[in-house]
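The file run.pdb contains PDB, C-alpha atoms:
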ATOM      1  CA  MET A 543      83.441  75.428  85.248
ATOM      2  CA  ASN A 544      80.635  75.987  82.781
ATOM      3  CA  GLU A 545      80.871  79.772  82.629
ATOM      4  CA  LEU A 546      83.853  81.822  81.551
ATOM      5  CA  VAL A 547      86.111  83.017  84.350
ATOM      6  CA  LYS A 548      86.170  86.822  84.123
ATOM      7  CA  VAL A 549      89.655  88.265  84.645
ATOM      8  CA  VAL A 550      90.951  91.790  85.232
ATOM      9  CA  VAL A 551      94.653  92.429  84.550
ATOM     10  CA  VAL A 552      96.495  95.289  86.259
ATOM     11  CA  ASP A 553     100.207  95.647  85.532
ATOM     12  CA  GLY A 554     102.297  98.776  85.172
ATOM     13  CA  HIS A 555     104.546  97.249  82.517
ATOM     14  CA  THR A 556     102.877  97.632  79.130
ATOM     15  CA  LEU A 557     104.481  94.595  77.507
ATOM     16  CA  VAL A 558     103.703  92.384  80.494
ATOM     17  CA  ARG A 559     100.123  93.619  80.640
ATOM     18  CA  TYR A 560      99.446  93.000  76.957
ATOM     19  CA  GLY A 561     101.232  89.687  77.186
ATOM     20  CA  LEU A 562      98.918  88.623  79.991
ATOM     21  CA  ILE A 563      95.873  89.822  78.089
ATOM     22  CA  GLY A 564      96.944  87.760  75.087
ATOM     23  CA  LEU A 565      97.781  84.726  77.213
ATOM     24  CA  VAL A 566      94.501  84.722  79.108
ATOM     25  CA  GLY A 567      92.432  85.613  76.048
ATOM     26  CA  LYS A 568      93.533  82.477  74.211
ATOM     27  CA  GLU A 569      92.126  80.172  76.892
ATOM     28  CA  PRO A 570      88.613  78.848  76.205
ATOM     29  CA  ASP A 571      87.554  79.055  79.863
ATOM     30  CA  LEU A 572      88.976  82.520  80.610
ATOM     31  CA  GLU A 573      87.932  86.005  79.512
ATOM     32  CA  VAL A 574      89.683  89.352  80.082
ATOM     33  CA  VAL A 575      86.992  91.891  81.002
ATOM     34  CA  GLY A 576      89.248  94.786  81.971
ATOM     35  CA  ALA A 577      92.873  95.922  82.096
ATOM     36  CA  SER A 578      94.905  98.870  83.337
ATOM     37  CA  GLY A 579      98.461  99.981  83.894
ATOM     38  CA  ARG A 580      97.572 101.792  87.126
ATOM     39  CA  ARG A 581      96.952  99.956  90.398
ATOM     40  CA  ALA A 582      94.695 102.751  91.619
ATOM     41  CA  GLU A 583      92.223 101.831  88.878
ATOM     42  CA  VAL A 584      91.815  98.243  90.032
ATOM     43  CA  PHE A 585      89.051  99.144  92.477
ATOM     44  CA  GLY A 586      86.974 100.859  89.811
ATOM     45  CA  LEU A 587      87.486  97.946  87.424
ATOM     46  CA  VAL A 588      86.392  95.420  90.027
ATOM     47  CA  LEU A 589      83.310  97.477  90.865
ATOM     48  CA  ALA A 590      82.373  97.946  87.202
ATOM     49  CA  GLU A 591      83.239  94.540  85.745
ATOM     50  CA  ARG A 592      82.649  92.215  88.709
ATOM     51  CA  PRO A 593      85.498  89.851  87.720
ATOM     52  CA  ASP A 594      86.114  86.461  89.254
ATOM     53  CA  VAL A 595      89.883  87.038  89.375
ATOM     54  CA  VAL A 596      92.213  90.028  89.488
ATOM     55  CA  VAL A 597      95.823  89.609  88.352
ATOM     56  CA  LEU A 598      97.907  92.331  90.004
ATOM     57  CA  ASP A 599     101.634  93.045  89.821
ATOM     58  CA  VAL A 600     103.838  93.617  92.861
ATOM     59  CA  SER A 601     106.955  95.628  92.116
ATOM     60  CA  PRO A 602     109.714  96.781  94.489
ATOM     61  CA  PRO A 603     110.494  99.021  96.186
ATOM     62  CA  ASP A 604     107.065 100.232  97.305
ATOM     63  CA  LEU A 605     105.154  96.937  96.872
ATOM     64  CA  ALA A 606     101.944  98.905  96.401
ATOM     65  CA  GLY A 607     100.329  95.849  94.867
ATOM     66  CA  LEU A 608     100.322  94.181  98.285
ATOM     67  CA  ARG A 609      98.455  97.088  99.810
ATOM     68  CA  ALA A 610      95.936  97.022  96.980
ATOM     69  CA  ALA A 611      95.496  93.269  97.406
ATOM     70  CA  ARG A 612      94.880  93.681 101.129
ATOM     71  CA  GLU A 613      92.234  96.324 100.482
ATOM     72  CA  LEU A 614      90.575  94.221  97.794
ATOM     73  CA  ARG A 615      90.372  91.228 100.103
ATOM     74  CA  GLY A 616      88.806  93.404 102.783
ATOM     75  CA  GLN A 617      86.086  94.527 100.371
ATOM     76  CA  TYR A 618      85.531  91.379  98.287
ATOM     77  CA  ALA A 619      85.726  88.154 100.282
ATOM     78  CA  GLU A 620      85.137  85.872  97.282
ATOM     79  CA  LEU A 621      87.348  87.634  94.742
ATOM     80  CA  GLY A 622      90.259  85.638  93.355
ATOM     81  CA  ILE A 623      93.485  87.642  93.681
ATOM     82  CA  VAL A 624      96.675  86.588  91.896
ATOM     83  CA  LEU A 625      99.876  88.519  92.511
ATOM     84  CA  LEU A 626     102.734  88.572  90.015
ATOM     85  CA  ALA A 627     105.852  89.091  92.103
ATOM     86  CA  PRO A 628     109.647  89.003  91.794
ATOM     87  CA  ALA A 629     111.076  85.522  92.190
ATOM     88  CA  ASP A 630     112.739  84.313  95.398
ATOM     89  CA  GLN A 631     111.557  87.095  97.700
ATOM     90  CA  ASP A 632     110.303  85.368 100.835
ATOM     91  CA  ASP A 633     109.162  88.592 102.506
ATOM     92  CA  VAL A 634     106.830  89.303  99.595
ATOM     93  CA  LEU A 635     105.528  85.740  99.700
ATOM     94  CA  PHE A 636     104.685  85.805 103.402
ATOM     95  CA  SER A 637     103.236  89.304 103.207
ATOM     96  CA  ALA A 638     100.980  88.069 100.407
ATOM     97  CA  LEU A 639      99.897  85.109 102.515
ATOM     98  CA  GLU A 640      99.099  87.522 105.325
ATOM     99  CA  SER A 641      97.129  89.750 102.949
ATOM    100  CA  GLY A 642      94.711  86.953 102.105
ATOM    101  CA  VAL A 643      95.437  86.675  98.392
ATOM    102  CA  SER A 644      94.685  83.520  96.448
ATOM    103  CA  ALA A 645      98.006  82.944  94.701
ATOM    104  CA  VAL A 646     101.462  84.356  94.087
ATOM    105  CA  VAL A 647     103.324  83.580  90.880
ATOM    106  CA  ALA A 648     106.854  84.606  89.997
ATOM    107  CA  LYS A 649     106.989  87.008  87.063
ATOM    108  CA  ASP A 650     109.322  84.650  85.239
ATOM    109  CA  ALA A 651     107.151  81.575  85.868
ATOM    110  CA  PRO A 652     106.084  79.403  82.921
ATOM    111  CA  THR A 653     102.787  80.405  81.361
ATOM    112  CA  ASP A 654     101.073  77.228  82.536
ATOM    113  CA  GLU A 655     101.835  78.184  86.164
ATOM    114  CA  ILE A 656     100.279  81.609  85.658
ATOM    115  CA  LEU A 657      97.161  80.102  84.118
ATOM    116  CA  ALA A 658      96.957  77.489  86.859
ATOM    117  CA  ALA A 659      97.135  80.236  89.488
ATOM    118  CA  ILE A 660      94.271  82.114  87.816
ATOM    119  CA  ARG A 661      92.120  78.993  87.696
ATOM    120  CA  HIS A 662      92.965  78.189  91.310
ATOM    121  CA  ALA A 663      91.955  81.704  92.362
ATOM    122  CA  ALA A 664      88.648  81.366  90.513
ATOM    123  CA  VAL A 665      87.560  78.218  92.345
ATOM    124  CA  ALA A 666      89.334  78.663  95.709
ATOM    125  CA  PRO A 667      89.852  82.408  96.294
ATOM    126  CA  THR A 668      90.607  82.039  99.999
ATOM    127  CA  SER A 669      93.018  79.114  99.622
ATOM    128  CA  PHE A 670      96.622  80.246  99.232
ATOM    129  CA  THR A 671      99.101  78.801  96.756
ATOM    130  CA  ALA A 672     102.422  80.160  95.576
ATOM    131  CA  THR A 673     105.436  79.439  93.460
ATOM    132  CA  GLY A 674     108.245  78.316  95.780
ATOM    133  CA  LEU A 675     106.104  78.190  98.914
ATOM    134  CA  GLY A 676     107.638  74.940 100.172
ATOM    135  CA  PRO A 677     111.283  76.108 100.033
ATOM    136  CA  ALA A 678     110.311  79.471 101.545
ATOM    137  CA  MET A 679     108.595  77.755 104.477
ATOM    138  CA  ALA A 680     111.665  75.575 104.989
ATOM    139  CA  ARG A 681     113.938  78.616 105.054
ATOM    140  CA  ARG A 682     111.651  80.325 107.549
ATOM    141  CA  ASP A 683     111.504  77.245 109.785
ATOM    142  CA  HIS A 684     115.312  77.280 110.027
ATOM    143  CA  SER A 685     115.475  81.005 110.779
ATOM    144  CA  PRO A 686     115.953  82.488 114.247
ATOM    145  CA  ALA A 687     112.746  82.850 116.281
ATOM    146  CA  GLN A 688     112.683  86.628 115.837
ATOM    147  CA  THR A 689     112.263  86.297 112.073
ATOM    148  CA  LEU A 690     109.410  83.791 112.236
ATOM    149  CA  LEU A 691     106.797  86.495 112.636
ATOM    150  CA  SER A 692     105.776  88.763 109.817
ATOM    151  CA  PRO A 693     105.588  92.497 110.593
ATOM    152  CA  ARG A 694     101.791  92.255 110.888
ATOM    153  CA  GLU A 695     101.998  89.235 113.206
ATOM    154  CA  ALA A 696     104.509  91.068 115.399
ATOM    155  CA  GLN A 697     102.060  93.980 115.517
ATOM    156  CA  VAL A 698      99.223  91.661 116.536
ATOM    157  CA  LEU A 699     101.418  90.147 119.234
ATOM    158  CA  ASP A 700     102.160  93.592 120.611
ATOM    159  CA  LEU A 701      98.454  94.448 120.681
ATOM    160  CA  LEU A 702      97.671  91.180 122.464
ATOM    161  CA  GLY A 703     100.354  92.055 124.986
ATOM    162  CA  GLN A 704      98.586  95.368 125.557
ATOM    163  CA  GLY A 705      95.433  93.477 126.457
ATOM    164  CA  LEU A 706      93.400  94.317 123.351
ATOM    165  CA  SER A 707      90.533  92.032 122.369
ATOM    166  CA  VAL A 708      90.233  90.608 118.853
ATOM    167  CA  ARG A 709      87.574  93.218 118.104
ATOM    168  CA  ASP A 710      89.889  96.004 119.328
ATOM    169  CA  ILE A 711      92.754  94.575 117.259
ATOM    170  CA  ALA A 712      90.527  94.655 114.176
ATOM    171  CA  VAL A 713      89.783  98.324 114.815
ATOM    172  CA  ALA A 714      93.447  99.164 115.467
ATOM    173  CA  LEU A 715      94.547  97.486 112.232
ATOM    174  CA  SER A 716      91.555  98.675 110.177
ATOM    175  CA  VAL A 717      90.613  95.122 109.185
ATOM    176  CA  SER A 718      87.533  92.951 109.630
ATOM    177  CA  ILE A 719      87.047  90.907 112.788
ATOM    178  CA  SER A 720      87.413  87.692 110.779
ATOM    179  CA  THR A 721      90.759  88.895 109.399
ATOM    180  CA  ALA A 722      91.922  89.804 112.905
ATOM    181  CA  LYS A 723      90.926  86.318 114.071
ATOM    182  CA  THR A 724      92.987  84.851 111.235
ATOM    183  CA  TYR A 725      96.039  86.895 112.277
ATOM    184  CA  VAL A 726      95.681  85.746 115.880
ATOM    185  CA  ALA A 727      95.210  82.113 114.821
ATOM    186  CA  ARG A 728      98.366  82.227 112.662
ATOM    187  CA  LEU A 729     100.281  83.796 115.517
ATOM    188  CA  TYR A 730      99.158  81.051 117.915
ATOM    189  CA  GLU A 731     100.119  78.422 115.354
ATOM    190  CA  LYS A 732     103.616  79.840 114.917
ATOM    191  CA  LEU A 733     104.157  80.106 118.654
ATOM    192  CA  GLU A 734     102.633  76.626 119.138
ATOM    193  CA  VAL A 735     100.150  77.878 121.733
ATOM    194  CA  SER A 736      96.367  77.867 122.088
ATOM    195  CA  ASN A 737      95.474  81.046 123.961
ATOM    196  CA  ARG A 738      96.520  84.614 124.735
ATOM    197  CA  ALA A 739      98.244  83.875 128.044
ATOM    198  CA  GLN A 740     100.385  81.136 126.499
ATOM    199  CA  ALA A 741     101.200  83.356 123.526
ATOM    200  CA  ILE A 742     102.409  86.191 125.745
ATOM    201  CA  MET A 743     104.429  83.874 127.978
ATOM    202  CA  THR A 744     106.059  82.132 125.011
ATOM    203  CA  ALA A 745     106.774  85.443 123.287
ATOM    204  CA  LEU A 746     108.445  86.788 126.425
ATOM    205  CA  GLN A 747     110.566  83.657 126.739
ATOM    206  CA  ARG A 748     111.672  83.904 123.111
ATOM    207  CA  GLY A 749     112.369  87.607 123.271
ATOM    208  CA  LEU A 750     109.590  88.414 120.806
ATOM    209  CA  LEU A 751     107.792  90.661 123.267
ATOM    210  CA  ALA A 752     109.357  93.170 125.647
ATOM    211  CA  PRO A 753     108.315  92.758 129.300
ATOM    212  CA  LYS A 754     106.161  95.509 130.720
ATOM    213  CA  PRO A 755     108.067  97.962 132.956
TER     214      PRO A 755
END
File written out as structure tokens:
Amino acid sequence: MNELVKVVVVDGHTLVRYGLIGLVGKEPDLEVVGASGRRAEVFGLVLAERPDVVVLDVSPPDLAGLRAARELRGQYAELGIVLLAPADQDDVLFSALESGVSAVVAKDAPTDEILAAIRHAAVAPTSFTATGLGPAMARRDHSPAQTLLSPREAQVLDLLGQGLSVRDIAVALSVSISTAKTYVARLYEKLEVSNRAQAIMTALQRGLLAPKP
């Protein structure tokens, strides 16, 4: 990368935020162009500064950072989005994957992992990577069938069962058609099917979808 990667940092914890600013600012290929302690300000910062990467914190219990990340991805297809999240929380990890972010890093991760995530997001914003992704996938693969689907995937399955088209699903979920297609594709992959009819039949057999009265 010949040009500096422009980074915006948004974290509600003052010490963490300034620590990230200092960490990123020391790297010769990275540049902090904006920072805030309020997630609501991330949209204005992105619009004003046009960064390559946004680093955004996700804190329980409301996980507002995930909602912000989902909205950012809907508006900026090529923006790198890195989430700083609590360690060992599989639900956060899979929700982040569903939201279309570039990377998730545990808040207690080594600094080189955080920097690597930022650089990954800059060059491959739509390719997902995460701390602990492999073990999380293994835990999910050994879970009961009902827990394999994320809440959004279960919602998509229900809408498919109602006969909605991909376009109608996009409208119902307030997402782009391409995002709706991604949800459907992930659902098919998890159910190991290739079309709507197979998905519905498999979901009924596994108890993931209630039969119509």
Residue contacts of A:Leu751 (10 Å, only C-alpha atoms) excluding same-chain residues fewer than 3 positions away, as a PyMOL selection string: chain A and resi 688+696+699-700+703+741-748+754
Go ahead and dump the residues you just picked, C-alpha atoms, as a short mmCIF file (atom, residue, chain, number, x, y, z; two decimals), keeping the file's coordinate frame.
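Contents of the output file again01.cif:
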data_model
loop_
_atom_site.label_atom_id
_atom_site.label_comp_id
_atom_site.auth_asym_id
_atom_site.auth_seq_id
_atom_site.Cartn_x
_atom_site.Cartn_y
_atom_site.Cartn_z
CA GLN A 688 112.68 86.63 115.84
CA ALA A 696 104.51 91.07 115.40
CA LEU A 699 101.42 90.15 119.23
CA ASP A 700 102.16 93.59 120.61
CA GLY A 703 100.35 92.06 124.99
CA ALA A 741 101.20 83.36 123.53
CA ILE A 742 102.41 86.19 125.74
CA MET A 743 104.43 83.87 127.98
CA THR A 744 106.06 82.13 125.01
CA ALA A 745 106.77 85.44 123.29
CA LEU A 746 108.44 86.79 126.42
CA GLN A 747 110.57 83.66 126.74
CA ARG A 748 111.67 83.90 123.11
CA LYS A 754 106.16 95.51 130.72
#
A:Leu706 environment, 12 Å, only C-alpha atoms, sequence neighbours closer than 5 positions dropped, as JSON, numbers by chain: {"A": [697, 698, 699, 700, 701, 711, 712, 713, 714, 715, 722, 726, 738]}
Residue contacts of A:Gly622 (6 Å, all atoms listed in the file) excluding same-chain residues fewer than 6 positions away, as JSON, numbers by chain: {"A": [594, 595, 644, 663, 664, 667]}
For the selection you just gave me, I'd like the residues written to a file as a CSV table (one decimal), in the coordinates of the input, keeping C-alpha atoms.
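Result file part06.csv:
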chain,number,residue,atom,x,y,z
A,594,ASP,CA,86.1,86.5,89.3
A,595,VAL,CA,89.9,87.0,89.4
A,644,SER,CA,94.7,83.5,96.4
A,663,ALA,CA,92.0,81.7,92.4
A,664,ALA,CA,88.6,81.4,90.5
A,667,PRO,CA,89.9,82.4,96.3
Hits of the PyMOL selection byres ((chain A and resi 647-653) around 7) in this structure, as a PyMOL selection string: chain A and resi 625-629+645-646+654-657+672-673
Nearest residue to A:Ala611 from the set A:Leu750, A:Val597, A:Leu562, A:Leu702 (distances using all atoms listed in the file): A:Val597
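Closest approach to A:Val574 among A:Ser707, A:Leu635, A:Ile660, A:Gly554 is made by A:Ile660 (distances from only C-alpha atoms).
Checking A:Ser637, A:Thr721, A:Ser578, A:Ser601 one by one against A:Arg559, counting all atoms listed in the file, you find the shortest gap at A:Ser578.
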Gap from atom CA of A:Lys548 to atom CA of A:Leu614 - Å, one decimal: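 Atom-to-atom, atom CA of A:Lys548 to atom CA of A:Leu614, that is 16.2 Å.
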Selected residue of minimal separation from A:Ala638 among A:Thr556, A:Gln704, A:Thr671, A:Ser718, counting all atoms listed in the file: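 Looking only at the distances to A:Ala638, the closest residue turns out to be A:Thr671.
For the pair atom CA of A:Ala610 and atom CA of A:Asp571, the interatomic distance is 26.2 Å.
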Contacts of A:Arg580 at 12 Å (all atoms listed in the file; same-chain gap of 3+ positions) as a list in words: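 Close residues of A:Arg580: Val551, Val552, Asp553, Gly554, His555, Thr556, Arg559, Ala577, Glu583, Val584, Phe585, Gly586, Leu587, Leu598, Asp599, Val600, Ala606, Gly607 and Ala610 of chain A.
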